[in-house]
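Data block for model_32.cif (mmCIF, C-alpha atoms):
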data_input
#
loop_
_atom_site.label_atom_id
_atom_site.label_comp_id
_atom_site.auth_asym_id
_atom_site.auth_seq_id
_atom_site.Cartn_x
_atom_site.Cartn_y
_atom_site.Cartn_z
CA MET A 24 1.33 7.00 -42.49
CA THR A 25 -1.65 6.74 -40.15
CA ALA A 26 -0.73 6.92 -36.47
CA VAL A 27 -2.02 4.16 -34.23
CA SER A 28 -3.52 5.17 -30.91
CA LEU A 29 -2.59 2.73 -28.18
CA GLY A 30 -4.56 4.55 -25.51
CA VAL A 31 -4.51 3.95 -21.78
CA PRO A 32 -2.13 1.26 -20.51
CA GLU A 33 -4.44 -1.33 -19.04
CA VAL A 34 -3.89 -3.79 -16.22
CA PRO A 35 -2.51 -6.91 -17.94
CA ALA A 36 -5.08 -9.59 -18.72
CA ARG A 37 -2.68 -12.09 -17.22
CA PRO A 38 -1.47 -11.27 -13.71
CA ILE A 39 2.23 -10.98 -13.07
CA ALA A 40 1.92 -14.25 -11.16
CA GLU A 41 -0.79 -16.56 -9.91
CA ARG A 42 -1.87 -15.31 -6.52
CA ARG A 43 -1.13 -17.57 -3.59
CA MET A 44 -4.51 -18.91 -2.60
CA SER A 45 -4.93 -18.01 1.04
CA ARG A 46 -7.78 -18.17 3.48
CA ARG A 47 -10.11 -15.16 3.15
CA ILE A 48 -10.99 -12.89 6.06
CA GLN A 49 -13.05 -9.71 6.29
CA VAL A 50 -11.54 -6.57 7.75
CA GLY A 51 -14.75 -4.61 7.97
CA PRO A 52 -16.00 -4.33 4.38
CA VAL A 53 -12.54 -5.06 2.93
CA ALA A 54 -11.96 -8.65 1.85
CA VAL A 55 -8.41 -9.84 2.53
CA GLY A 56 -6.93 -12.99 1.03
CA GLY A 57 -8.65 -15.67 -1.01
CA GLY A 58 -7.91 -13.86 -4.27
CA ALA A 59 -9.24 -10.47 -3.14
CA PRO A 60 -7.34 -7.43 -4.48
CA VAL A 61 -4.22 -6.46 -2.54
CA SER A 62 -5.18 -3.61 -0.20
CA VAL A 63 -3.08 -0.65 0.96
CA GLN A 64 -2.79 0.16 4.65
CA SER A 65 -1.17 2.86 6.73
CA MET A 66 -1.05 3.93 10.37
CA THR A 67 -1.94 7.18 12.07
CA THR A 68 0.76 9.20 13.80
CA THR A 69 -1.59 11.10 16.12
CA ARG A 70 -2.32 10.20 19.72
CA THR A 71 -5.35 7.97 19.38
CA SER A 72 -6.87 9.60 22.44
CA ASP A 73 -7.04 12.83 20.42
CA VAL A 74 -10.13 11.73 18.55
CA GLY A 75 -10.45 14.83 16.39
CA ALA A 76 -6.85 14.78 15.18
CA THR A 77 -6.96 11.05 14.57
CA LEU A 78 -10.17 11.21 12.55
CA GLN A 79 -8.77 14.13 10.57
CA GLN A 80 -5.68 12.11 9.67
CA ILE A 81 -7.81 9.10 8.79
CA ALA A 82 -9.84 11.35 6.46
CA GLU A 83 -6.61 12.49 4.78
CA LEU A 84 -5.46 8.89 4.43
CA THR A 85 -8.82 7.89 2.97
CA ALA A 86 -8.57 10.69 0.41
CA SER A 87 -5.10 9.47 -0.58
CA GLY A 88 -6.41 5.97 -1.30
CA CYS A 89 -5.77 4.17 1.97
CA GLN A 90 -8.14 1.21 2.44
CA ILE A 91 -7.39 0.10 6.01
CA VAL A 92 -5.88 2.16 8.84
CA ARG A 93 -4.15 1.09 12.03
CA VAL A 94 -4.16 3.15 15.24
CA ALA A 95 -1.90 2.72 18.27
CA CYS A 96 -3.45 1.86 21.62
CA PRO A 97 -0.80 2.13 24.36
CA THR A 98 -3.00 3.68 27.09
CA GLN A 99 -6.47 3.46 28.58
CA ASP A 100 -7.33 6.86 27.12
CA ASP A 101 -6.51 5.49 23.68
CA ALA A 102 -8.64 2.42 24.30
CA ASP A 103 -11.53 4.65 25.41
CA ALA A 104 -11.32 6.56 22.11
CA LEU A 105 -11.52 3.48 19.88
CA ALA A 106 -15.30 3.18 19.76
CA THR A 107 -15.80 6.71 18.44
CA ILE A 108 -12.95 6.41 15.96
CA ALA A 109 -14.12 3.02 14.67
CA ARG A 110 -17.66 4.33 14.26
CA LYS A 111 -16.76 7.56 12.48
CA SER A 112 -13.84 6.39 10.32
CA GLN A 113 -14.58 6.07 6.61
CA ILE A 114 -12.31 3.01 6.37
CA PRO A 115 -11.81 -0.03 8.63
CA VAL A 116 -9.79 0.62 11.79
CA ILE A 117 -7.30 -1.88 13.22
CA ALA A 118 -6.26 -1.42 16.84
CA ASP A 119 -2.52 -1.95 17.41
CA ILE A 120 -2.01 -3.60 20.80
CA HIS A 121 1.24 -4.16 22.67
CA PHE A 122 1.99 -5.19 26.27
CA GLN A 123 -1.58 -5.02 27.64
CA PRO A 124 -3.98 -7.88 26.78
CA LYS A 125 -6.88 -5.91 28.31
CA TYR A 126 -6.76 -3.50 25.38
CA VAL A 127 -7.38 -6.38 22.98
CA PHE A 128 -10.76 -6.92 24.62
CA ALA A 129 -11.41 -3.17 24.64
CA ALA A 130 -10.72 -2.94 20.91
CA ILE A 131 -12.99 -5.86 20.13
CA GLU A 132 -15.78 -4.39 22.23
CA ALA A 133 -15.23 -0.98 20.60
CA GLY A 134 -16.06 -2.42 17.19
CA CYS A 135 -12.62 -2.22 15.59
CA ALA A 136 -12.48 -4.06 12.28
CA ALA A 137 -9.47 -6.09 13.46
CA VAL A 138 -6.87 -6.19 16.20
CA ARG A 139 -3.11 -6.50 15.75
CA VAL A 140 -1.16 -8.26 18.48
CA ASN A 141 2.60 -8.74 18.75
CA PRO A 142 3.45 -12.11 20.30
CA GLY A 143 6.92 -10.90 21.24
CA ASN A 144 5.88 -8.31 23.79
CA ILE A 145 2.55 -9.24 25.31
CA LYS A 146 3.88 -11.13 28.30
CA GLN A 147 0.61 -12.47 29.66
CA PHE A 148 -1.06 -12.79 26.29
CA ASP A 149 -0.69 -16.54 25.77
CA ASP A 150 -2.54 -17.39 28.97
CA ARG A 151 -5.56 -15.49 27.66
CA VAL A 152 -5.71 -16.74 24.09
CA LYS A 153 -8.83 -18.78 24.79
CA GLU A 154 -10.67 -15.70 26.07
CA ILE A 155 -9.44 -13.52 23.24
CA ALA A 156 -10.32 -16.11 20.61
CA GLN A 157 -13.84 -16.41 21.99
CA ALA A 158 -14.35 -12.64 22.15
CA ALA A 159 -13.02 -12.20 18.62
CA LYS A 160 -15.19 -15.03 17.35
CA ASP A 161 -18.29 -13.60 19.03
CA HIS A 162 -17.74 -10.20 17.42
CA GLY A 163 -16.43 -11.44 14.05
CA THR A 164 -13.13 -9.63 14.65
CA PRO A 165 -10.03 -10.90 12.83
CA ILE A 166 -6.67 -10.97 14.60
CA ARG A 167 -3.40 -9.98 12.94
CA ILE A 168 -0.41 -11.71 14.42
CA GLY A 169 2.28 -9.11 13.81
CA VAL A 170 5.81 -10.36 14.38
CA ASN A 171 8.59 -7.74 14.33
CA ALA A 172 12.32 -8.34 14.27
CA GLY A 173 12.81 -5.62 16.87
CA SER A 174 10.50 -7.20 19.43
CA LEU A 175 11.02 -10.91 18.93
CA ASP A 176 10.43 -13.21 21.90
CA ARG A 177 13.62 -13.71 23.92
CA ARG A 178 13.29 -17.47 23.74
CA LEU A 179 13.55 -17.34 19.97
CA LEU A 180 16.43 -14.88 20.07
CA GLN A 181 18.30 -17.28 22.33
CA LYS A 182 17.49 -20.19 20.03
CA TYR A 183 18.48 -18.54 16.74
CA GLY A 184 20.91 -15.87 17.95
CA ARG A 185 19.14 -13.09 16.09
CA ALA A 186 15.93 -12.32 14.21
CA THR A 187 16.41 -14.78 11.35
CA PRO A 188 13.69 -15.67 8.84
CA GLU A 189 13.26 -18.97 10.64
CA ALA A 190 12.79 -17.21 13.98
CA LEU A 191 10.19 -14.82 12.63
CA VAL A 192 8.20 -17.62 11.01
CA GLU A 193 8.37 -19.83 14.10
CA SER A 194 7.06 -16.99 16.25
CA ALA A 195 4.11 -16.35 13.94
CA LEU A 196 3.11 -19.97 13.47
CA TRP A 197 3.49 -20.75 17.16
CA GLU A 198 1.14 -17.90 18.05
CA ALA A 199 -1.32 -18.95 15.34
CA SER A 200 -1.31 -22.50 16.72
CA LEU A 201 -2.49 -21.20 20.08
CA PHE A 202 -5.55 -19.68 18.41
CA GLU A 203 -6.08 -22.81 16.33
CA GLU A 204 -6.29 -24.87 19.53
CA HIS A 205 -9.45 -22.91 20.29
CA GLY A 206 -10.91 -23.19 16.81
CA PHE A 207 -10.05 -19.63 15.77
CA ARG A 208 -8.57 -19.17 12.31
CA ASP A 209 -9.75 -15.68 11.36
CA ILE A 210 -6.11 -14.64 11.26
CA LYS A 211 -3.74 -12.53 9.18
CA ILE A 212 0.02 -12.71 9.71
CA SER A 213 2.99 -10.40 9.19
CA VAL A 214 6.68 -11.12 9.78
CA LYS A 215 8.44 -7.77 9.37
CA HIS A 216 12.16 -7.03 9.29
CA ASN A 217 14.10 -3.88 8.37
CA ASP A 218 16.30 -5.87 5.95
CA PRO A 219 14.44 -6.64 2.71
CA VAL A 220 16.49 -9.79 2.11
CA VAL A 221 15.55 -11.25 5.51
CA MET A 222 11.98 -10.08 5.12
CA ILE A 223 11.59 -11.69 1.68
CA GLU A 224 12.94 -14.99 2.94
CA ALA A 225 10.68 -14.92 6.00
CA TYR A 226 7.52 -14.33 3.99
CA SER A 227 8.55 -16.92 1.41
CA ARG A 228 8.93 -19.55 4.14
CA LEU A 229 5.71 -18.48 5.82
CA ALA A 230 3.75 -18.69 2.57
CA GLU A 231 4.81 -22.32 2.20
CA GLN A 232 3.81 -23.29 5.73
CA CYS A 233 0.33 -21.82 6.15
CA ASP A 234 -2.70 -20.63 4.22
CA TYR A 235 -3.33 -17.47 6.22
CA PRO A 236 -3.46 -14.13 4.36
CA LEU A 237 -0.19 -12.21 4.69
CA HIS A 238 0.35 -8.53 5.42
CA LEU A 239 3.61 -7.33 3.86
CA GLY A 240 5.86 -4.75 5.44
CA VAL A 241 9.50 -3.75 5.76
CA THR A 242 9.54 -2.43 9.30
CA GLU A 243 11.45 0.75 10.11
CA ALA A 244 12.23 1.11 6.41
CA GLY A 245 13.63 4.61 6.96
CA PRO A 246 13.22 8.08 5.42
CA ALA A 247 11.07 8.50 2.33
CA PHE A 248 13.70 7.78 -0.33
CA GLN A 249 15.38 4.84 1.37
CA GLY A 250 12.11 3.40 2.65
CA THR A 251 10.48 3.61 -0.76
CA ILE A 252 13.34 1.71 -2.38
CA LYS A 253 13.45 -0.98 0.30
CA SER A 254 9.67 -1.45 0.24
CA ALA A 255 9.44 -1.51 -3.55
CA VAL A 256 12.21 -4.11 -3.79
CA ALA A 257 10.75 -6.34 -1.07
CA PHE A 258 7.11 -6.05 -2.12
CA GLY A 259 7.97 -6.48 -5.79
CA ALA A 260 9.92 -9.67 -5.08
CA LEU A 261 7.02 -11.17 -3.14
CA LEU A 262 4.02 -9.86 -5.06
CA SER A 263 5.59 -10.92 -8.34
CA ARG A 264 5.39 -14.47 -6.96
CA GLY A 265 1.81 -14.06 -5.80
CA ILE A 266 2.69 -13.62 -2.12
CA GLY A 267 0.94 -10.85 -0.19
CA ASP A 268 -2.63 -9.79 0.51
CA THR A 269 -2.21 -6.38 2.17
CA ILE A 270 0.74 -3.98 2.26
CA ARG A 271 1.98 -1.14 4.41
CA VAL A 272 4.94 1.02 3.35
CA SER A 273 6.62 2.16 6.58
CA LEU A 274 8.25 5.55 6.04
CA SER A 275 9.60 8.28 8.29
CA ALA A 276 7.23 10.59 6.44
CA PRO A 277 3.58 11.68 6.62
CA PRO A 278 1.28 8.63 6.42
CA ALA A 279 -0.32 9.79 3.17
CA GLU A 280 3.10 9.45 1.52
CA GLU A 281 3.13 5.78 2.56
CA VAL A 282 -0.17 5.27 0.80
CA LYS A 283 0.99 6.98 -2.40
CA VAL A 284 4.06 4.76 -2.56
CA GLY A 285 2.03 1.64 -1.85
CA ILE A 286 -0.49 2.44 -4.56
CA GLN A 287 2.28 3.12 -7.05
CA ILE A 288 3.94 -0.22 -6.27
CA LEU A 289 0.68 -2.07 -6.91
CA GLN A 290 0.05 -0.12 -10.12
CA SER A 291 3.55 -0.84 -11.36
CA LEU A 292 2.93 -4.56 -10.93
CA GLY A 293 -0.46 -4.43 -12.62
CA LEU A 294 -2.21 -5.27 -9.36
CA LYS A 295 -4.22 -2.06 -9.18
CA GLU A 296 -5.99 0.09 -11.74
CA ARG A 297 -3.71 2.86 -12.88
CA ARG A 298 -4.10 6.49 -11.89
CA LEU A 299 -2.03 9.47 -12.95
CA GLU A 300 1.41 8.18 -13.91
CA ILE A 301 4.23 10.39 -15.11
CA VAL A 302 6.58 8.64 -17.50
CA SER A 303 9.57 10.89 -18.12
CA CYS A 304 13.09 10.53 -19.43
CA PRO A 305 16.05 11.22 -17.14
CA SER A 306 17.09 13.93 -19.61
CA CYS A 307 20.42 14.05 -21.45
CA GLY A 308 22.46 16.27 -23.74
CA ARG A 309 19.87 15.84 -26.50
CA ALA A 310 17.09 17.48 -24.49
CA GLN A 311 16.14 20.91 -25.81
CA VAL A 312 13.68 21.76 -23.05
CA ASP A 313 13.78 21.63 -19.26
CA VAL A 314 12.24 18.18 -18.87
CA TYR A 315 12.31 18.28 -15.07
CA LYS A 316 10.34 21.50 -14.93
CA LEU A 317 7.84 20.32 -17.53
CA ALA A 318 7.27 17.06 -15.68
CA GLU A 319 6.71 18.80 -12.34
CA GLU A 320 4.35 21.41 -13.76
CA VAL A 321 2.28 18.90 -15.72
CA THR A 322 2.04 16.62 -12.68
CA ALA A 323 0.91 19.52 -10.48
CA GLY A 324 -1.59 20.68 -13.07
CA LEU A 325 -3.20 17.25 -13.38
CA ASP A 326 -3.14 16.37 -9.71
CA GLY A 327 -6.48 15.00 -8.58
CA MET A 328 -7.75 13.98 -12.01
CA GLU A 329 -9.92 10.90 -11.53
CA VAL A 330 -10.12 9.42 -15.03
CA PRO A 331 -7.50 7.03 -16.46
CA LEU A 332 -5.46 9.34 -18.67
CA ARG A 333 -2.01 8.84 -20.14
CA VAL A 334 0.08 11.91 -20.91
CA ALA A 335 3.54 11.93 -22.47
CA VAL A 336 5.88 14.89 -21.96
CA MET A 337 8.93 14.26 -24.11
CA GLY A 338 12.12 16.29 -24.41
CA CYS A 339 13.94 15.18 -27.56
CA VAL A 340 13.44 13.74 -31.03
CA VAL A 341 14.79 10.24 -30.28
CA ASN A 342 11.90 8.81 -28.27
CA GLY A 343 9.66 11.86 -28.06
CA PRO A 344 7.35 11.45 -31.06
CA GLY A 345 6.94 7.71 -30.53
CA GLU A 346 6.11 8.00 -26.85
CA ALA A 347 3.77 10.93 -27.46
CA ARG A 348 1.87 8.95 -30.09
CA GLU A 349 1.35 6.04 -27.72
CA ALA A 350 -0.36 8.20 -25.11
CA ASP A 351 -3.83 9.70 -24.92
CA LEU A 352 -2.14 13.07 -24.76
CA GLY A 353 1.47 14.03 -25.27
CA VAL A 354 4.06 16.53 -26.37
CA ALA A 355 7.28 16.08 -28.31
CA SER A 356 9.44 19.11 -27.53
CA GLY A 357 12.41 20.75 -29.21
CA ASN A 358 13.72 23.95 -30.77
CA GLY A 359 11.60 26.09 -28.45
CA LYS A 360 8.28 24.53 -29.37
CA GLY A 361 6.21 21.43 -28.80
CA GLN A 362 4.05 19.24 -30.98
CA ILE A 363 0.85 18.33 -29.12
CA PHE A 364 -0.48 14.82 -29.74
CA VAL A 365 -4.01 13.65 -28.97
CA LYS A 366 -4.74 9.96 -29.51
CA GLY A 367 -1.59 9.59 -31.57
CA GLU A 368 -2.16 12.51 -33.95
CA VAL A 369 -0.57 15.98 -33.94
CA ILE A 370 -3.28 18.56 -33.35
CA LYS A 371 -1.14 21.68 -32.98
CA THR A 372 2.33 23.08 -32.40
CA VAL A 373 2.81 25.58 -29.58
CA PRO A 374 5.69 27.66 -28.17
CA GLU A 375 7.59 26.09 -25.29
CA SER A 376 6.04 28.64 -22.92
CA LYS A 377 2.55 27.31 -23.79
CA ILE A 378 3.24 23.57 -23.51
CA VAL A 379 2.06 23.04 -19.94
CA GLU A 380 -0.99 25.26 -20.34
CA THR A 381 -1.99 23.48 -23.56
CA LEU A 382 -1.51 20.00 -22.14
CA ILE A 383 -3.68 20.79 -19.13
CA GLU A 384 -6.41 22.27 -21.34
CA GLU A 385 -6.41 19.24 -23.61
CA ALA A 386 -6.33 16.87 -20.64
CA MET A 387 -9.45 18.49 -19.24
CA LYS A 388 -11.21 18.08 -22.58
CA ILE A 389 -10.29 14.42 -22.78
CA ALA A 390 -11.31 13.84 -19.16
CA GLU A 391 -14.69 15.45 -19.75
CA GLN A 392 -15.27 13.30 -22.81
CA MET A 393 -14.24 10.15 -20.97
CA GLU A 394 -16.68 10.93 -18.18
CA GLN A 395 -19.46 11.49 -20.72
CA ASP A 396 -18.58 8.16 -22.33
CA GLY A 397 -18.88 6.45 -18.98
CA VAL A 398 -15.22 5.62 -18.54
CA GLY A 399 -14.81 4.63 -14.90
CA SER A 400 -12.73 6.77 -12.64
CA GLY A 401 -9.32 5.26 -12.53
CA GLU A 402 -5.76 6.28 -12.57
CA PRO A 403 -4.38 8.59 -15.27
CA ALA A 404 -0.92 7.92 -16.67
CA VAL A 405 1.51 10.60 -17.88
CA THR A 406 4.74 10.10 -19.82
CA VAL A 407 7.58 12.63 -19.76
CA SER A 408 10.87 12.28 -21.63
#
Will you turn the file into C-alpha cells for me?
Amino acid sequence: MTAVSLGVPEVPARPIAERRMSRRIQVGPVAVGGGAPVSVQSMTTTRTSDVGATLQQIAELTASGCQIVRVACPTQDDADALATIARKSQIPVIADIHFQPKYVFAAIEAGCAAVRVNPGNIKQFDDRVKEIAQAAKDHGTPIRIGVNAGSLDRRLLQKYGRATPEALVESALWEASLFEEHGFRDIKISVKHNDPVVMIEAYSRLAEQCDYPLHLGVTEAGPAFQGTIKSAVAFGALLSRGIGDTIRVSLSAPPAEEVKVGIQILQSLGLKERRLEIVSCPSCGRAQVDVYKLAEEVTAGLDGMEVPLRVAVMGCVVNGPGEAREADLGVASGNGKGQIFVKGEVIKTVPESKIVETLIEEAMKIAEQMEQDGVGSGEPAVTVS
C-alpha cells in the first residue's frame, strides 16, 4: 500500500474563531488590533538605567521571537536612558510608568513606541490627562491603560470589596473616558488578575463594552510551570473566542522563557505559523526505547532550525508507524532499532544508538531542500511517541 505524505501541519484555513474587530493602533512598526496578528510581548528584568544590560536583554528577547518589549521606568535615571534604548532596540519599546506622571512625558519625548500607565497608582495622573493626551497625539504615541488587581484604585476596592471583574473593567473604561474627553483614542487596554477565572471574566466583559485592542495577561502568574498552565488556560479561553490582540506570559523565569511559552500558545491555537514542535507520547509499558531521552536529544539537535519541519519520534508499534508516516521525518522505534520515515516512506532501519544522529542528518537534508525550493522560514514541528 502506498503511504500518503501529509507533510507540515499548516495553520488552519479557518481560524479557531472570528477575531473580535477592534480599533487598530501602531506600536512602532507593529500593528495591534483591527485584525492584525496577535503579537507576543515581554518585559526586561534589568535596571533600565543600565543601558547596555537592557539592550543586551532586548536582543535576546528579539532572538527568541519577542515582538514588543516593555521596560520599567521608576526613576529619573531610567527615564534618561529611554531615548538611547528606544533608538537602538530592534523591536518597539514600551515605557512602563507608575506613580510619576512626569515620566510619561519623558517617555513620549524619548521616542518610545508606546507608554503604559496604571490608573490605580498614578495619584496626580488624572489632572494631567489633557496634557498627556496632547503630547501623545503630537508624537503619535499610543497609551496602554494597564489595570492590575494588585494596584486597583482604593475607591473601586471600597465599592466592590475586592478586585472583581467588574471593578477591573470599570477602572479601565473610566480611565479611557478621560482620554476620550480630549479626543484621544489611540489606546490599548489590559485588565490583569492572578486568577485566570477572574481574568477571563474581566476581559470578556471589557470586550463587550469597548472596541479598543486588548493586551492579555495573567499577572503574577507564578513560577514557570504554574505560570505556563495559568496563562495557557486563560489565553486559550479568550483567544479561542477571538478576544486578544497582544499577549504577555508573566513568569518568575527569564523573559525569553515567557516569549517561548507565548509563541507556543499562539501556535497551538493556529494563530501563528508553526516552528519546531515536538509531539511525543507520555510513554508506557509498551515503549521499547527511552522516549524521554530521544525527545530531548532530537529537540536539542534541531534547536534553531528555521524551516517548517515536522519530525515524529515514536516509541512503540501502536501509534508509532502511523505518526511517523504523517510527518516530514520520523522514527518508529522498537526492539533496539528504529525505522526512519521521510515523507511517509521508510528509507532505512538503524540501531537505536543511531536514531538521533540519523534523524538530525535527515532533517538537515530536508531543511536544505526546503530552502532551495523557497519554502519560507517558519516553525518546524516534531512528533515523539
*Please identify all polymer residues within 9 Å of Ala95 (chain A), counting all atoms listed in the file, omitting same-chain residues fewer than 3 positions from it, and present them as a list of chain:residue names.*
A:Met66, A:Thr67, A:Thr68, A:Thr69, A:Arg70, A:Thr71, A:Thr98, A:Asp101, A:Ile117, A:Ala118, A:Asp119, A:Ile120, A:His121
Which residues come within 12 Å of Val354 (chain A), counting all atoms listed in the file, excluding same-chain residues fewer than 6 positions away, as a compact mmCIF listing (two decimals) with C-alpha atoms, in the coordinates of the input?
# COMPACT_ATOMS: atom_id res chain seq x y z
CA SER A 303 9.57 10.89 -18.12
CA VAL A 312 13.68 21.76 -23.05
CA VAL A 314 12.24 18.18 -18.87
CA LEU A 317 7.84 20.32 -17.53
CA ALA A 318 7.27 17.06 -15.68
CA VAL A 321 2.28 18.90 -15.72
CA ARG A 333 -2.01 8.84 -20.14
CA VAL A 334 0.08 11.91 -20.91
CA ALA A 335 3.54 11.93 -22.47
CA VAL A 336 5.88 14.89 -21.96
CA MET A 337 8.93 14.26 -24.11
CA GLY A 338 12.12 16.29 -24.41
CA CYS A 339 13.94 15.18 -27.56
CA VAL A 340 13.44 13.74 -31.03
CA ASN A 342 11.90 8.81 -28.27
CA GLY A 343 9.66 11.86 -28.06
CA PRO A 344 7.35 11.45 -31.06
CA GLY A 345 6.94 7.71 -30.53
CA GLU A 346 6.11 8.00 -26.85
CA ALA A 347 3.77 10.93 -27.46
CA ARG A 348 1.87 8.95 -30.09
CA LYS A 360 8.28 24.53 -29.37
CA GLY A 361 6.21 21.43 -28.80
CA GLN A 362 4.05 19.24 -30.98
CA ILE A 363 0.85 18.33 -29.12
CA PHE A 364 -0.48 14.82 -29.74
CA VAL A 365 -4.01 13.65 -28.97
CA LYS A 366 -4.74 9.96 -29.51
CA GLY A 367 -1.59 9.59 -31.57
CA GLU A 368 -2.16 12.51 -33.95
CA VAL A 369 -0.57 15.98 -33.94
CA ILE A 370 -3.28 18.56 -33.35
CA LYS A 371 -1.14 21.68 -32.98
CA THR A 372 2.33 23.08 -32.40
CA VAL A 373 2.81 25.58 -29.58
CA PRO A 374 5.69 27.66 -28.17
CA GLU A 375 7.59 26.09 -25.29
CA LYS A 377 2.55 27.31 -23.79
CA ILE A 378 3.24 23.57 -23.51
CA VAL A 379 2.06 23.04 -19.94
CA GLU A 380 -0.99 25.26 -20.34
CA THR A 381 -1.99 23.48 -23.56
CA LEU A 382 -1.51 20.00 -22.14
CA ILE A 383 -3.68 20.79 -19.13
CA GLU A 385 -6.41 19.24 -23.61
CA ALA A 386 -6.33 16.87 -20.64
CA VAL A 405 1.51 10.60 -17.88
CA THR A 406 4.74 10.10 -19.82
CA VAL A 407 7.58 12.63 -19.76
CA SER A 408 10.87 12.28 -21.63
Polymer residues at most 10 Å from region 194-201 of chain A, all atoms listed in the file, same-chain spacing of 3 or more positions, as a PDB file with C-alpha atoms, keeping the file's coordinate frame:
ATOM      1  CA  VAL A 140      -1.160  -8.260  18.480  1.00  0.00           C
ATOM      2  CA  ASN A 141       2.600  -8.740  18.750  1.00  0.00           C
ATOM      3  CA  PRO A 142       3.450 -12.110  20.300  1.00  0.00           C
ATOM      4  CA  GLY A 143       6.920 -10.900  21.240  1.00  0.00           C
ATOM      5  CA  PHE A 148      -1.060 -12.790  26.290  1.00  0.00           C
ATOM      6  CA  ASP A 149      -0.690 -16.540  25.770  1.00  0.00           C
ATOM      7  CA  ASP A 150      -2.540 -17.390  28.970  1.00  0.00           C
ATOM      8  CA  ARG A 151      -5.560 -15.490  27.660  1.00  0.00           C
ATOM      9  CA  VAL A 152      -5.710 -16.740  24.090  1.00  0.00           C
ATOM     10  CA  LYS A 153      -8.830 -18.780  24.790  1.00  0.00           C
ATOM     11  CA  ALA A 156     -10.320 -16.110  20.610  1.00  0.00           C
ATOM     12  CA  ILE A 166      -6.670 -10.970  14.600  1.00  0.00           C
ATOM     13  CA  ARG A 167      -3.400  -9.980  12.940  1.00  0.00           C
ATOM     14  CA  ILE A 168      -0.410 -11.710  14.420  1.00  0.00           C
ATOM     15  CA  GLY A 169       2.280  -9.110  13.810  1.00  0.00           C
ATOM     16  CA  VAL A 170       5.810 -10.360  14.380  1.00  0.00           C
ATOM     17  CA  ASN A 171       8.590  -7.740  14.330  1.00  0.00           C
ATOM     18  CA  LEU A 175      11.020 -10.910  18.930  1.00  0.00           C
ATOM     19  CA  ASP A 176      10.430 -13.210  21.900  1.00  0.00           C
ATOM     20  CA  ARG A 178      13.290 -17.470  23.740  1.00  0.00           C
ATOM     21  CA  LEU A 179      13.550 -17.340  19.970  1.00  0.00           C
ATOM     22  CA  GLU A 189      13.260 -18.970  10.640  1.00  0.00           C
ATOM     23  CA  ALA A 190      12.790 -17.210  13.980  1.00  0.00           C
ATOM     24  CA  LEU A 191      10.190 -14.820  12.630  1.00  0.00           C
ATOM     25  CA  GLU A 204      -6.290 -24.870  19.530  1.00  0.00           C
ATOM     26  CA  HIS A 205      -9.450 -22.910  20.290  1.00  0.00           C
ATOM     27  CA  GLY A 206     -10.910 -23.190  16.810  1.00  0.00           C
ATOM     28  CA  PHE A 207     -10.050 -19.630  15.770  1.00  0.00           C
ATOM     29  CA  ARG A 208      -8.570 -19.170  12.310  1.00  0.00           C
ATOM     30  CA  ASP A 209      -9.750 -15.680  11.360  1.00  0.00           C
ATOM     31  CA  ILE A 210      -6.110 -14.640  11.260  1.00  0.00           C
ATOM     32  CA  LYS A 211      -3.740 -12.530   9.180  1.00  0.00           C
ATOM     33  CA  ILE A 212       0.020 -12.710   9.710  1.00  0.00           C
ATOM     34  CA  SER A 213       2.990 -10.400   9.190  1.00  0.00           C
ATOM     35  CA  VAL A 214       6.680 -11.120   9.780  1.00  0.00           C
ATOM     36  CA  LEU A 229       5.710 -18.480   5.820  1.00  0.00           C
ATOM     37  CA  GLN A 232       3.810 -23.290   5.730  1.00  0.00           C
ATOM     38  CA  CYS A 233       0.330 -21.820   6.150  1.00  0.00           C
ATOM     39  CA  TYR A 235      -3.330 -17.470   6.220  1.00  0.00           C
TER      40      TYR A 235
END
*Among listed residues A:Glu349, A:Ser273, A:Ala390, A:Leu289, nearest Pro331 (chain A) (using all atoms listed in the file)*: A:Ala390
_Given the PyMOL selection byres ((chain A and resi 284-286) around 7) and the file above, list the residues it selects as a PyMOL selection string._
chain A and resi 63+251+271-272+280-283+287-290
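Closest approach to Tyr226 (chain A) among A:Gly245, A:Gly293, A:Gly265, A:Gly250: A:Gly265, based on only C-alpha atoms.
Note on the selection: in this file the PyMOL selection byres ((chain A and resi 216) around 10) comes out as Val170, Asn171, Ala172, Gly173, Ala186, Thr187, Pro188, Leu191, Ser213, Val214, Lys215, Asn217, Asp218, Pro219, Val220, Val221, Met222, Ile223, Ala225, Gly240, Val241, Thr242, Glu243 and Ala244 of chain A.
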*Rounded to one decimal in Å, what is the spacing between CA of Ile91 (chain A) and CA of Glu394 (chain A)?*
28.1 Å
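Pairwise distance (CA of Ile131 (chain A), CA of Val116 (chain A)) equals 11.0 Å.
With CA of Gly267 (chain A) on one side and CA of Ile114 (chain A) on the other, the separation reads 20.3 Å.
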*Pick from A:Leu237, A:Val92, A:Ile301, A:Val50: nearest to Ile266 (chain A), with only C-alpha atoms counted?*
A:Leu237
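The neighbours of Thr85 (chain A) here are the residues that come within 10 Å of it, using all atoms listed in the file and leaving out any residue fewer than 4 positions away in the same chain; they are Gln64, Ser65, Gln79, Gln80, Ile81, Cys89, Gln90, Ile91, Val92, Ser112, Gln113, Ile114, Ala279 and Val282 of chain A.
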Please fill the gaps in region 39-43 of chain A so it has N, CA and C atoms, and write that as a compact mmCIF listing (two decimals), in the frame of the given file.
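Saved the output as out_0.txt:
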# COMPACT_ATOMS: atom_id res chain seq x y z
N ILE A 39 0.79 -10.78 -13.06
CA ILE A 39 2.23 -10.98 -13.07
C ILE A 39 2.59 -12.36 -12.54
N ALA A 40 1.75 -12.90 -11.67
CA ALA A 40 1.92 -14.25 -11.16
C ALA A 40 0.59 -14.72 -10.60
N GLU A 41 0.40 -16.02 -10.56
CA GLU A 41 -0.79 -16.56 -9.91
C GLU A 41 -0.74 -16.22 -8.43
N ARG A 42 -1.84 -15.66 -7.93
CA ARG A 42 -1.87 -15.31 -6.52
C ARG A 42 -1.85 -16.56 -5.65
N ARG A 43 -1.09 -16.51 -4.59
CA ARG A 43 -1.13 -17.57 -3.59
C ARG A 43 -2.54 -17.62 -3.03
